[in-house]
file query.cif (mmCIF, C-alpha atoms)
data_target
loop_
_atom_site.label_atom_id
_atom_site.label_comp_id
_atom_site.auth_asym_id
_atom_site.auth_seq_id
_atom_site.Cartn_x
_atom_site.Cartn_y
_atom_site.Cartn_z
CA TRP A 1 18.95 4.03 4.15
CA LYS A 2 15.86 5.09 6.05
CA PHE A 3 13.16 3.34 8.00
CA ILE A 4 9.77 3.27 6.28
CA ASP A 5 8.23 5.47 8.97
CA GLU A 6 10.88 8.12 8.17
CA ILE A 7 9.87 8.37 4.51
CA ALA A 8 6.11 8.44 5.12
CA SER A 9 4.18 11.66 4.73
CA SER A 10 3.49 13.67 7.88
CA GLU A 11 -0.24 13.70 7.10
CA LYS A 12 -2.57 11.79 9.39
CA TYR A 13 -2.93 8.06 8.57
CA SER A 14 0.08 8.07 6.20
CA LEU A 15 1.03 4.73 7.73
CA SER A 16 -2.05 2.64 8.42
CA SER A 17 -3.61 -0.74 8.11
CA GLY A 18 -6.93 -2.03 6.93
CA PRO A 19 -9.93 -2.03 9.28
CA PHE A 20 -9.89 -4.34 12.28
CA GLY A 21 -12.01 -7.49 12.39
CA SER A 22 -15.72 -6.81 12.22
CA ASN A 23 -15.31 -3.12 11.26
CA LEU A 24 -15.52 -4.22 7.61
CA THR A 25 -17.27 -7.41 6.57
CA SER A 26 -19.38 -8.47 3.60
CA LYS A 27 -22.50 -7.25 5.45
CA HIS A 28 -21.22 -3.68 4.86
CA TYR A 29 -21.03 -4.13 1.06
CA THR A 30 -23.35 -2.06 -1.13
CA THR A 31 -23.96 -1.96 -4.88
CA THR A 32 -22.44 1.51 -5.34
CA GLY A 33 -20.31 3.90 -3.35
CA VAL A 34 -16.64 3.76 -2.38
CA ILE A 35 -14.56 0.85 -3.71
CA ILE A 36 -13.09 -1.67 -1.29
CA LEU A 37 -9.59 -2.82 -2.31
CA ARG A 38 -9.47 -6.53 -1.55
CA GLY A 39 -6.80 -9.16 -2.08
CA THR A 40 -8.60 -10.36 -5.22
CA ASN A 41 -8.09 -6.92 -6.77
CA ILE A 42 -4.33 -7.36 -6.99
CA THR A 43 -3.15 -9.99 -9.44
CA SER A 44 0.53 -10.46 -10.29
CA GLY A 45 1.35 -7.00 -8.96
CA LYS A 46 -1.32 -5.28 -11.04
CA LEU A 47 -4.65 -3.73 -10.13
CA ASP A 48 -7.65 -5.77 -11.27
CA LEU A 49 -11.00 -4.00 -10.93
CA SER A 50 -13.06 -6.65 -12.73
CA ASN A 51 -14.66 -7.79 -9.45
CA VAL A 52 -15.09 -4.91 -7.01
CA LYS A 53 -17.20 -4.43 -3.92
CA TYR A 54 -18.39 -1.13 -2.49
CA ILE A 55 -19.33 0.42 0.83
CA SER A 56 -21.46 3.46 1.58
CA GLU A 57 -19.97 6.93 1.88
CA GLU A 58 -20.90 6.93 5.57
CA LYS A 59 -18.98 3.68 6.17
CA ALA A 60 -16.01 5.04 4.18
CA ILE A 61 -15.89 8.11 6.44
CA GLU A 62 -15.97 5.82 9.47
CA LEU A 63 -12.99 3.90 7.99
CA LYS A 64 -11.03 7.05 7.03
CA ARG A 65 -7.76 5.69 8.44
CA SER A 66 -7.92 2.90 5.81
CA GLU A 67 -8.53 5.20 2.85
CA ILE A 68 -6.13 4.99 -0.08
CA LYS A 69 -5.55 7.34 -2.97
CA PRO A 70 -3.29 7.53 -6.06
CA ASP A 71 0.45 7.13 -5.34
CA ASP A 72 -0.12 5.48 -1.96
CA ILE A 73 1.75 2.19 -1.66
CA VAL A 74 -0.38 -0.70 -0.44
CA ILE A 75 1.40 -3.73 0.99
CA VAL A 76 -0.28 -7.09 1.27
CA ALA A 77 -0.45 -8.06 4.96
CA VAL A 78 -2.19 -11.43 4.70
CA GLY A 79 -1.44 -14.28 2.31
CA SER A 80 1.27 -13.22 -0.16
CA SER A 81 2.56 -10.89 2.55
CA GLY A 82 4.94 -8.11 1.62
CA LYS A 83 4.03 -7.56 -2.02
CA ALA A 84 3.42 -3.90 -2.86
CA LEU A 85 1.39 -1.96 -5.39
CA LYS A 86 1.40 1.77 -6.11
CA VAL A 87 -2.21 2.89 -6.27
CA PRO A 88 -2.77 4.06 -9.87
CA ALA A 89 -4.44 7.34 -10.82
CA ILE A 90 -7.59 5.52 -12.03
CA LEU A 91 -8.37 4.52 -8.43
CA THR A 92 -9.07 8.02 -7.14
CA ARG A 93 -10.33 6.83 -3.75
CA ALA A 94 -10.89 3.50 -2.07
CA ILE A 95 -10.85 1.83 1.32
CA MET A 96 -8.40 -1.03 1.78
CA SER A 97 -9.59 -4.26 3.34
CA GLN A 98 -8.04 -6.01 6.34
CA ASN A 99 -5.55 -7.62 3.95
CA PHE A 100 -3.46 -4.47 3.50
CA ASN A 101 -1.20 -1.85 5.04
CA LYS A 102 -0.42 1.44 3.33
CA ILE A 103 2.28 4.05 3.08
CA THR A 104 1.60 7.55 1.85
CA PRO A 105 5.09 8.63 0.81
CA ASN A 106 6.66 11.98 1.64
CA ARG A 107 7.16 13.16 -1.95
CA LYS A 108 10.12 15.35 -0.90
CA LEU A 109 12.01 12.24 0.23
CA ILE A 110 10.74 9.40 -1.89
CA GLU A 111 9.12 8.99 -5.29
CA PRO A 112 6.13 6.57 -5.17
CA THR A 113 7.20 4.44 -8.16
CA PHE A 114 10.68 4.10 -6.69
CA LEU A 115 9.20 3.12 -3.32
CA GLU A 116 6.99 0.47 -4.93
CA PHE A 117 10.02 -1.06 -6.64
CA CYS A 118 12.08 -0.92 -3.42
CA VAL A 119 9.39 -2.70 -1.42
CA ASN A 120 9.10 -5.42 -4.08
CA ASP A 121 12.89 -5.80 -4.37
CA VAL A 122 14.65 -8.81 -2.88
CA ILE A 123 16.50 -6.66 -0.30
CA VAL A 124 13.28 -5.42 1.31
CA GLN A 125 11.48 -8.73 0.76
CA ARG A 126 14.21 -10.49 2.80
CA GLN A 127 13.59 -8.04 5.63
CA PHE A 128 9.85 -8.73 5.41
CA LYS A 129 10.42 -12.50 5.53
CA GLN A 130 12.14 -12.05 8.91
CA LYS A 131 9.11 -10.12 10.23
CA ILE A 132 6.24 -12.19 8.81
CA THR A 133 4.38 -14.31 11.32
CA ASP A 134 3.21 -17.63 9.96
CA THR A 135 0.38 -19.08 11.99
CA VAL A 136 -2.62 -20.23 9.96
CA ARG A 137 -1.86 -17.63 7.24
CA THR A 138 1.18 -15.44 6.82
CA PHE A 139 0.78 -11.96 8.28
CA LEU A 140 2.90 -8.79 8.03
CA SER A 141 1.99 -6.19 10.65
CA LEU A 142 2.18 -2.43 10.24
CA THR A 143 4.55 -2.33 13.24
CA SER A 144 6.92 -4.67 11.40
CA ILE A 145 6.72 -2.60 8.21
CA LYS A 146 7.78 0.53 10.11
CA GLU A 147 10.99 -1.27 11.11
CA ILE A 148 12.02 -2.00 7.51
CA LYS A 149 14.88 0.00 5.98
CA ILE A 150 14.95 1.03 2.34
CA PRO A 151 17.60 2.76 0.22
CA VAL A 152 16.88 6.44 -0.36
CA PRO A 153 19.05 7.94 -3.12
CA PRO A 154 18.68 11.62 -4.07
CA ILE A 155 15.15 12.45 -5.19
CA GLU A 156 16.42 13.46 -8.65
CA LEU A 157 17.70 9.92 -9.26
CA GLN A 158 14.44 8.45 -8.01
CA THR A 159 12.52 10.70 -10.40
CA GLN A 160 14.73 9.59 -13.32
CA PHE A 161 14.12 5.97 -12.33
CA ALA A 162 10.35 6.53 -12.19
CA THR A 163 10.37 8.21 -15.61
CA ILE A 164 12.15 5.23 -17.15
CA VAL A 165 9.77 2.77 -15.46
CA ASN A 166 6.70 4.71 -16.62
CA LYS A 167 8.00 4.87 -20.22
CA THR A 168 8.73 1.15 -20.14
CA GLU A 169 5.27 0.31 -18.79
CA THR A 170 3.69 2.51 -21.47
CA LEU A 171 5.46 0.45 -24.15
#
call {"tool": "encode", "arguments": {"input": "query.cif", "output": "structure tokens"}}
result
Amino acid sequence: WKFIDEIASSEKYSLSSGPFGSNLTSKHYTTTGVIILRGTNITSGKLDLSNVKYISEEKAIELKRSEIKPDDIVIVAVGSSGKALKVPAILTRAIMSQNFNKITPNRKLIEPTFLEFCVNDVIVQRQFKQKITDTVRTFLSLTSIKEIKIPVPPIELQTQFATIVNKTETL
């Protein structure tokens, strides 16, 4: 077992959260540019791009710490806190909203599909439930996520698992 911050990539912003407060609001939305991943874009654990919003390239650069790319794991921080989604290859670049945290996995230690399944598994979800604050809306902080432990079997087994999952999803 390893803590989430131990299996994250060493690259800058590999563990990060969405922009703070007024750094990203609807006034920043544009008609084209970089996609904003919002809570409405994840439905039943799947990516839904039927209703997307955009921000300018300049704003995306300003929000670099909140950028996501394929194989990152995004975790819902607000609302249905704790649910995870592996960013699919079709979403080549986006900025996550305030509703999310992200993990860029260290591919030498953890396979992204395996990590997504671990985070959504009951063992990790129980750990999240102990960390979620429940004021007006549930909230799961990045600090709390870093304290979560996940099982880390040999990378070869994780890769086999991911291959089976991908074949099953293809069917």
call {"tool": "closest_residue", "arguments": {"input": "query.cif", "among": "A:Asp71, A:Glu57, A:Glu116, A:Glu62", "to": "Leu85 of chain A", "atoms": "only C-alpha atoms"}}
result
A:Glu116
call {"tool": "atom_distance", "arguments": {"input": "query.cif", "atom1": "atom CA of Ile150 of chain A", "atom2": "atom CA of Ser10 of chain A"}}
result
17.9 Å
call {"tool": "closest_residue", "arguments": {"input": "query.cif", "among": "A:Ser97, A:Ser144, A:Thr170, A:Thr104", "to": "Ile42 of chain A", "atoms": "only C-alpha atoms"}}
result
A:Ser97
call {"tool": "resolve_selection", "arguments": {"input": "query.cif", "expression": "the PyMOL selection byres ((chain A and resi 51) around 10)", "output": "list in words"}}
result
Arg38, Thr40, Asn41, Asp48, Leu49, Ser50, Val52 and Lys53 of chain A
call {"tool": "write_last_selection", "arguments": {"input": "query.cif", "atoms": "C-alpha atoms", "output": "short mmCIF file (atom, residue, chain, number, x, y, z; two decimals), in the coordinates of the input"}}
result
data_model
loop_
_atom_site.label_atom_id
_atom_site.label_comp_id
_atom_site.auth_asym_id
_atom_site.auth_seq_id
_atom_site.Cartn_x
_atom_site.Cartn_y
_atom_site.Cartn_z
CA ARG A 38 -9.47 -6.53 -1.55
CA THR A 40 -8.60 -10.36 -5.22
CA ASN A 41 -8.09 -6.92 -6.77
CA ASP A 48 -7.65 -5.77 -11.27
CA LEU A 49 -11.00 -4.00 -10.93
CA SER A 50 -13.06 -6.65 -12.73
CA VAL A 52 -15.09 -4.91 -7.01
CA LYS A 53 -17.20 -4.43 -3.92
#
call {"tool": "closest_residue", "arguments": {"input": "query.cif", "among": "A:Leu63, A:Ile35, A:Leu109, A:Ile148", "to": "Thr92 of chain A", "atoms": "only C-alpha atoms"}}
result
A:Ile35
call {"tool": "closest_residue", "arguments": {"input": "query.cif", "among": "A:Ser26, A:Asn106, A:Asn120, A:Thr159", "to": "Gly45 of chain A", "atoms": "all atoms listed in the file"}}
result
A:Asn120
call {"tool": "closest_residue", "arguments": {"input": "query.cif", "among": "A:Ser141, A:Phe117, A:Gln130, A:Ile110", "to": "Glu156 of chain A", "atoms": "only C-alpha atoms"}}
result
A:Ile110
call {"tool": "residues_around", "arguments": {"input": "query.cif", "residues": "Val122 of chain A", "least_positions_apart": "6", "cutoff": "12 Å", "atoms": "only C-alpha atoms", "output": "PDB file with C-alpha atoms, in the frame of the given file"}}
result
ATOM      1  CA  GLY A  82       4.940  -8.110   1.620  1.00  0.00           C
ATOM      2  CA  LYS A  83       4.030  -7.560  -2.020  1.00  0.00           C
ATOM      3  CA  PHE A 128       9.850  -8.730   5.410  1.00  0.00           C
ATOM      4  CA  LYS A 129      10.420 -12.500   5.530  1.00  0.00           C
ATOM      5  CA  ILE A 150      14.950   1.030   2.340  1.00  0.00           C
TER       6      ILE A 150
END
call {"tool": "residues_around", "arguments": {"input": "query.cif", "residues": "Leu157 of chain A", "least_positions_apart": "3", "cutoff": "12 Å", "atoms": "all atoms listed in the file", "output": "count of residues only"}}
result
14
call {"tool": "atom_distance", "arguments": {"input": "query.cif", "atom1": "atom CA of Ser14 of chain A", "atom2": "atom CA of Thr43 of chain A"}}
result
24.1 Å
call {"tool": "resolve_selection", "arguments": {"input": "query.cif", "expression": "the PyMOL selection byres ((chain A and resi 66) around 7)", "output": "list in words"}}
result
Ser16, Ser17, Gly18, Pro19, Leu63, Lys64, Arg65, Glu67, Ile68, Ile95 and Met96 of chain A
call {"tool": "resolve_selection", "arguments": {"input": "query.cif", "expression": "the PyMOL selection byres ((chain A and resi 31) around 9)", "output": "number ranges by chain"}}
result
A: 29-30, 32-33, 53-56
call {"tool": "closest_residue", "arguments": {"input": "query.cif", "among": "A:Ala84, A:Asn99, A:Ala89, A:Ala8", "to": "Phe139 of chain A", "atoms": "only C-alpha atoms"}}
result
A:Asn99
call {"tool": "axis_aligned_box", "arguments": {"input": "query.cif", "around": "segment 47-66 of chain A", "padding_each_side": "5 Å", "output": "JSON"}}
result
{"center_x": -13.1, "center_y": 0.2, "center_z": -1.6, "size_x": 26.8, "size_y": 25.9, "size_z": 32.2}
call {"tool": "residues_around", "arguments": {"input": "query.cif", "residues": "Lys108 of chain A", "least_positions_apart": "3", "cutoff": "9 Å", "atoms": "only C-alpha atoms", "output": "VMD selection string"}}
result
chain A and resid 7 9 105 111 155
call {"tool": "atom_distance", "arguments": {"input": "query.cif", "atom1": "atom CA of Leu140 of chain A", "atom2": "atom CA of Ile90 of chain A"}}
result
26.8 Å
